[in-house]
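*Asks:* Pasting data11.txt below, which is compact mmCIF, C-alpha atoms.
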```txt
# COMPACT_ATOMS: atom_id res chain seq x y z
CA MET A 8 116.11 105.42 110.58
CA THR A 9 119.64 106.09 109.36
CA PHE A 10 120.76 108.23 106.43
CA ARG A 11 121.63 105.05 104.58
CA LYS A 12 118.07 103.79 104.96
CA TYR A 13 116.70 107.05 103.56
CA LEU A 14 119.05 106.55 100.61
CA VAL A 15 117.53 103.10 100.05
CA LEU A 16 114.02 104.61 100.05
CA ALA A 17 115.20 107.31 97.63
CA ALA A 18 116.62 104.62 95.35
CA VAL A 19 113.26 102.80 95.39
CA THR A 20 111.55 106.03 94.34
CA VAL A 21 113.91 107.18 91.60
CA PHE A 22 114.62 103.77 90.04
CA GLY A 23 110.90 102.93 90.02
CA ALA A 24 109.81 106.11 88.27
CA THR A 25 112.70 106.04 85.79
CA GLY A 26 112.11 102.37 84.98
CA ASP A 27 108.39 102.88 84.35
CA SER A 28 109.09 105.86 82.10
CA LEU A 29 111.67 103.95 80.04
CA LEU A 30 109.23 101.05 79.66
CA SER A 31 106.51 103.41 78.52
CA ARG A 32 108.80 105.01 75.95
CA GLY A 33 109.70 101.55 74.63
CA MET A 34 106.16 100.17 74.58
CA LYS A 35 104.98 103.14 72.53
CA ASP A 36 107.42 101.97 69.84
CA ALA A 37 105.89 98.51 70.04
CA GLY A 38 102.41 99.92 69.41
CA ASN A 39 99.21 98.39 70.75
CA ILE A 40 99.53 94.75 71.64
CA SER A 41 96.34 92.73 71.28
CA LEU A 42 95.63 89.75 73.51
CA HIS A 43 95.96 87.17 70.71
CA GLN A 44 99.44 88.42 69.84
CA LEU A 45 100.97 87.81 73.26
CA PRO A 46 104.10 86.11 71.86
CA ASP A 47 105.03 89.49 70.34
CA LEU A 48 105.47 90.68 73.90
CA ILE A 49 108.65 88.60 74.20
CA LEU A 50 110.19 90.47 71.27
CA THR A 51 109.60 93.83 72.93
CA ILE A 52 112.38 92.91 75.35
CA LEU A 53 114.77 93.57 72.45
CA ASN A 54 113.79 97.22 72.41
CA PRO A 55 116.64 99.19 74.07
CA TRP A 56 114.20 101.44 75.96
CA VAL A 57 112.40 98.40 77.37
CA LEU A 58 115.72 96.76 78.23
CA ALA A 59 116.95 99.87 80.05
CA GLY A 60 113.59 100.09 81.83
CA ILE A 61 113.95 96.50 83.00
CA LEU A 62 117.48 97.21 84.32
CA PHE A 63 116.21 100.20 86.30
CA LEU A 64 113.29 98.16 87.63
CA LEU A 65 115.78 95.48 88.77
CA GLY A 66 117.59 98.19 90.74
CA PHE A 67 114.22 99.30 92.06
CA PHE A 68 113.45 95.74 93.09
CA ALA A 69 116.72 95.23 94.96
CA ALA A 70 116.25 98.48 96.90
CA TYR A 71 112.62 97.56 97.57
CA MET A 72 113.60 94.17 98.99
CA ILE A 73 116.26 95.78 101.21
CA ALA A 74 113.69 98.28 102.52
CA LEU A 75 111.14 95.54 103.18
CA SER A 76 113.71 93.68 105.26
CA TRP A 77 113.62 96.43 107.89
CA ALA A 78 110.32 98.24 107.34
CA ASP A 79 106.57 97.56 107.28
CA LEU A 80 104.99 97.09 103.86
CA THR A 81 102.52 99.84 104.81
CA TYR A 82 105.50 102.10 105.53
CA VAL A 83 107.62 101.41 102.46
CA LEU A 84 104.83 101.85 99.91
CA PRO A 85 103.78 105.36 101.03
CA ALA A 86 107.34 106.41 101.85
CA THR A 87 108.29 105.94 98.21
CA SER A 88 105.22 107.74 96.83
CA LEU A 89 107.11 110.78 95.59
CA GLY A 90 107.77 108.57 92.60
CA TYR A 91 104.29 109.49 91.28
CA VAL A 92 105.28 113.14 91.15
CA LEU A 93 108.58 112.29 89.50
CA LEU A 94 106.71 110.10 87.03
CA ALA A 95 104.32 112.92 86.14
CA LEU A 96 107.24 115.29 85.56
CA ILE A 97 109.01 112.76 83.34
CA ALA A 98 105.77 112.03 81.46
CA LYS A 99 105.18 115.71 80.82
CA PHE A 100 108.67 116.92 79.94
CA LEU A 101 110.37 113.87 78.43
CA LEU A 102 107.54 111.71 77.06
CA HIS A 103 105.38 114.74 76.13
CA GLU A 104 102.25 113.13 77.48
CA GLN A 105 99.27 115.29 78.26
CA VAL A 106 99.13 115.64 82.06
CA THR A 107 95.81 117.42 82.63
CA ALA A 108 95.02 119.68 85.59
CA THR A 109 92.73 117.00 87.04
CA ARG A 110 95.50 114.44 86.85
CA TRP A 111 97.90 116.84 88.55
CA LEU A 112 95.32 117.31 91.30
CA GLY A 113 95.05 113.52 91.67
CA ILE A 114 98.81 113.17 91.86
CA ILE A 115 98.96 115.92 94.50
CA LEU A 116 96.20 114.28 96.54
CA ILE A 117 98.03 110.95 96.43
CA SER A 118 101.26 112.59 97.50
CA VAL A 119 99.56 114.41 100.40
CA GLY A 120 97.96 111.17 101.53
CA VAL A 121 101.10 109.14 101.44
CA GLY A 122 103.24 111.94 102.87
CA PHE A 123 100.73 112.12 105.69
CA VAL A 124 101.08 108.45 106.52
CA THR A 125 104.86 108.58 106.43
CA ARG A 126 105.01 111.52 108.81
CA GLY A 127 102.35 110.27 111.19
CA PRO A 128 104.19 107.50 112.96
CA ALA A 129 107.43 109.49 113.16
CA LEU A 130 105.69 112.40 114.91
CA THR A 131 103.87 110.18 117.39
CA HIS A 132 107.03 108.26 118.17
CA HIS A 133 105.88 104.96 116.82
CA PRO A 134 109.09 103.91 115.13
CA PRO A 135 107.66 102.82 111.79
CA LEU A 136 110.61 100.57 111.18
CA ARG A 137 109.83 98.29 114.11
CA GLN A 138 107.22 95.59 113.92
CA PRO A 139 104.12 96.16 116.05
CA GLU A 140 103.94 94.07 119.22
CA ASP A 141 101.43 91.69 117.74
CA TYR A 142 103.54 90.93 114.68
CA ASP A 143 103.61 87.16 114.80
CA ALA A 144 106.48 86.32 112.46
CA GLU A 145 109.37 84.54 114.07
CA PRO A 146 112.23 86.75 115.23
CA VAL A 147 115.23 86.50 112.95
CA SER A 148 117.41 85.09 115.70
CA THR A 149 115.20 82.02 116.26
CA ARG A 150 114.47 81.43 112.63
CA ALA A 151 115.55 78.12 111.17
CA GLU A 152 117.75 78.26 108.11
CA LEU A 153 115.75 77.74 104.96
CA MET B 6 86.95 100.21 74.34
CA LYS B 7 90.60 100.97 74.80
CA GLN B 8 89.78 102.45 78.21
CA ILE B 9 88.13 99.21 79.34
CA TYR B 10 91.27 97.30 78.30
CA THR B 11 93.46 99.78 80.18
CA TRP B 12 91.44 99.46 83.40
CA GLY B 13 91.32 95.68 83.02
CA ALA B 14 95.10 95.70 82.92
CA VAL B 15 95.13 97.99 85.98
CA ALA B 16 92.87 95.54 87.87
CA ALA B 17 95.19 92.64 86.99
CA ILE B 18 98.22 94.64 88.12
CA VAL B 19 96.57 95.55 91.45
CA LEU B 20 95.52 91.99 92.28
CA ALA B 21 98.82 90.38 91.31
CA SER B 22 101.06 92.98 92.91
CA THR B 23 99.09 93.03 96.18
CA ILE B 24 99.55 89.27 96.48
CA GLY B 25 103.20 89.71 95.47
CA ASP B 26 103.84 92.57 97.91
CA VAL B 27 102.44 90.61 100.86
CA LEU B 28 104.46 87.51 99.98
CA LEU B 29 107.67 89.48 99.42
CA SER B 30 107.23 91.48 102.61
CA ARG B 31 106.74 88.27 104.58
CA ALA B 32 109.78 86.74 102.87
CA MET B 33 112.08 89.68 103.68
CA LYS B 34 110.93 89.72 107.30
CA GLN B 35 111.94 86.05 107.48
CA VAL B 36 115.29 86.81 105.82
CA GLY B 37 115.95 89.61 108.31
CA ASP B 38 117.61 93.04 108.11
CA VAL B 39 119.61 92.89 104.88
CA GLY B 40 122.09 95.57 106.00
CA GLU B 41 123.03 93.67 109.13
CA LEU B 42 123.06 90.30 107.42
CA TRP B 43 125.35 91.76 104.74
CA ARG B 44 127.80 93.05 107.37
CA THR B 45 127.87 89.86 109.39
CA HIS B 46 127.55 87.12 106.75
CA GLY B 47 128.35 88.81 103.42
CA LEU B 48 126.35 89.51 100.28
CA LEU B 49 126.22 85.88 99.16
CA ALA B 50 124.44 84.89 102.38
CA VAL B 51 121.86 87.62 101.80
CA VAL B 52 121.22 86.53 98.21
CA GLY B 53 121.23 82.82 99.07
CA ARG B 54 118.89 83.18 102.01
CA THR B 55 116.50 85.33 99.97
CA LEU B 56 116.43 83.06 96.92
CA HIS B 57 115.78 79.98 99.06
CA ASN B 58 112.74 81.54 100.71
CA VAL B 59 109.51 79.97 99.42
CA ASN B 60 107.49 83.15 99.97
CA PHE B 61 110.07 85.07 97.93
CA VAL B 62 109.77 82.70 94.96
CA LEU B 63 105.95 82.83 95.07
CA GLY B 64 106.10 86.61 95.44
CA ILE B 65 108.30 86.85 92.35
CA LEU B 66 105.80 84.74 90.40
CA ALA B 67 102.96 87.10 91.38
CA MET B 68 105.13 90.12 90.52
CA THR B 69 105.93 88.60 87.11
CA VAL B 70 102.21 88.43 86.36
CA ALA B 71 101.88 92.04 87.54
CA PHE B 72 104.86 93.12 85.41
CA TYR B 73 103.48 91.67 82.19
CA SER B 74 100.08 93.18 82.97
CA LEU B 75 101.88 96.52 83.35
CA LEU B 76 103.71 96.10 80.02
CA ILE B 77 100.41 95.38 78.28
CA GLY B 78 98.67 98.20 80.12
CA LEU B 79 101.39 100.69 79.15
CA SER B 80 100.95 99.83 75.48
CA TRP B 81 97.26 100.79 75.81
CA GLY B 82 97.36 103.82 78.09
CA ASP B 83 99.50 106.75 79.24
CA VAL B 84 102.22 105.99 81.78
CA SER B 85 101.05 108.89 83.97
CA LEU B 86 97.66 107.18 84.23
CA VAL B 87 98.43 103.45 84.28
CA ALA B 88 101.42 103.51 86.63
CA PRO B 89 100.03 105.80 89.37
CA ALA B 90 96.52 104.30 89.16
CA SER B 91 97.71 100.75 89.60
CA ALA B 92 100.34 101.68 92.20
CA SER B 93 97.91 103.72 94.29
CA LEU B 94 95.10 101.18 94.15
CA THR B 95 97.72 98.61 95.09
CA PHE B 96 98.59 100.81 98.06
CA VAL B 97 94.98 100.69 99.31
CA ALA B 98 94.59 96.96 98.67
CA THR B 99 97.96 96.35 100.28
CA ALA B 100 97.01 98.27 103.45
CA VAL B 101 94.05 95.92 103.90
CA ALA B 102 96.07 92.84 102.99
CA ALA B 103 98.99 93.83 105.24
CA LYS B 104 96.63 94.21 108.20
CA ILE B 105 94.92 90.88 107.57
CA PHE B 106 97.82 88.71 106.45
CA LEU B 107 100.91 90.39 107.90
CA HIS B 108 99.25 91.73 111.08
CA GLU B 109 100.84 95.12 110.50
CA ARG B 110 99.53 97.92 112.66
CA VAL B 111 97.61 100.02 110.16
CA ASP B 112 96.81 103.04 112.37
CA PRO B 113 94.27 105.83 111.61
CA HIS B 114 97.02 107.81 109.84
CA ARG B 115 97.54 104.99 107.40
CA TRP B 116 93.78 104.47 106.78
CA MET B 117 93.37 108.21 106.30
CA ALA B 118 96.11 108.12 103.69
CA ALA B 119 94.37 105.23 101.96
CA LEU B 120 91.25 107.40 101.55
CA LEU B 121 93.25 110.33 100.18
CA VAL B 122 95.01 108.04 97.76
CA ALA B 123 91.70 106.55 96.61
CA GLY B 124 90.43 110.08 95.96
CA GLY B 125 93.56 110.87 94.00
CA VAL B 126 93.08 107.78 91.88
CA ALA B 127 89.50 108.78 91.10
CA LEU B 128 90.84 112.13 89.83
CA LEU B 129 93.47 110.38 87.70
CA ALA B 130 90.70 108.45 85.99
CA ALA B 131 88.52 111.52 85.41
```
Now, as a test, write the supplied structure out as structure tokens.
*Replies:*
Amino acid sequence: MTFRKYLVLAAVTVFGATGDSLLSRGMKDAGNISLHQLPDLILTILNPWVLAGILFLLGFFAAYMIALSWADLTYVLPATSLGYVLLALIAKFLLHEQVTATRWLGIILISVGVGFVTRGPALTHHPPLRQPEDYDAEPVSTRAEL
Amino acid sequence: MKQIYTWGAVAAIVLASTIGDVLLSRAMKQVGDVGELWRTHGLLAVVGRTLHNVNFVLGILAMTVAFYSLLIGLSWGDVSLVAPASASLTFVATAVAAKIFLHERVDPHRWMAALLVAGGVALLAA
């Protein structure tokens, strides 16, 4: 696990939370969308908040794909969980949503759980970034070009 | 009524993004370490190899469904509820799916975390 790889995981976290928040801000402008007005959804792309949110989520996606190329799915998802905390902070201070005490507790519990899983393998010297022995995908070196 | 809509959207997000996550993870394992590939073959090779992967294309389709479910869900509910709820439930569903379909080693630490996350989600909904 190099510093650069931690940076990639950090990018997944920050871009994800920022993108979601921007989308939320934009979709509040759009108001409630009912299921029989789905075409209206296309027009919401024109909202600058939504557009910025999509750009951030593209950055999130690129970082996510890079991380998945060298890490387990069950490692990457928890490793980037601090995004929930970031999201709650953004929701409270920038979007002025009501984040109740119960919700805070839920967010903390999630963070503890996912922090737990991320630490576990590192402490027990199971390099989380290597595939387990029984991983049956072809090694990269023998893989045919697609 | 609005709550039922919100949770329906959450369910759609969880299902679609679990399928998408598994497909994308499989695709990127087939592509190989992006950092190394970038150094040895250049960025174009990375992008080309990724875009030509069938699992990647299918994964994107599933993620598109999840994304539009999220957009709809966000117009009905708070971002601090919809986003963590769907993401955390996806985490639990993905742990199961990754074990079954990707043969990842989901050790007791990871299962334990899944339980904690599930508890957290229950609190978010309360």
*Asks:* Show me, as a VMD selection string, every residue of chain B with an atom at most 6 Å from chain A, counting only C-alpha atoms.
*Replies:* chain B and resid 30 33 to 34 37 to 39 79 to 81 84 to 85 89 100 108 110 114 to 115 118 121 to 122 125 128 to 129
*Asks:* Can you measure atom CA of Val15 of chain A to atom CA of Thr87 of chain A for me? One decimal in Å is fine.
*Replies:*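 We find that atom CA of Val15 of chain A and atom CA of Thr87 of chain A lie 9.8 Å from each other.
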*Asks:* Given all atoms listed in the file as the basis, pick out the residue of A:Leu50, A:Leu101, A:Val19, A:Ala69 nearest to Val52 of chain B.
*Replies:*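 Among the listed residues, A:Ala69 lies closest to Val52 of chain B.
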*Asks:* Hey, can you check how far atom CA of Val59 of chain B sits from atom CA of Leu28 of chain B?
*Replies:* 9.1 Å
*Asks:* Interatomic distance between atom CA of Phe68 of chain A and atom CA of Pro113 of chain B?
*Replies:* 28.5 Å
*Asks:* Find the residue from A:Leu16, A:Ala70, A:Leu62, A:Ile52 that sits nearest to Ala86 of chain A; use only C-alpha atoms when measuring.
*Replies:* A:Leu16
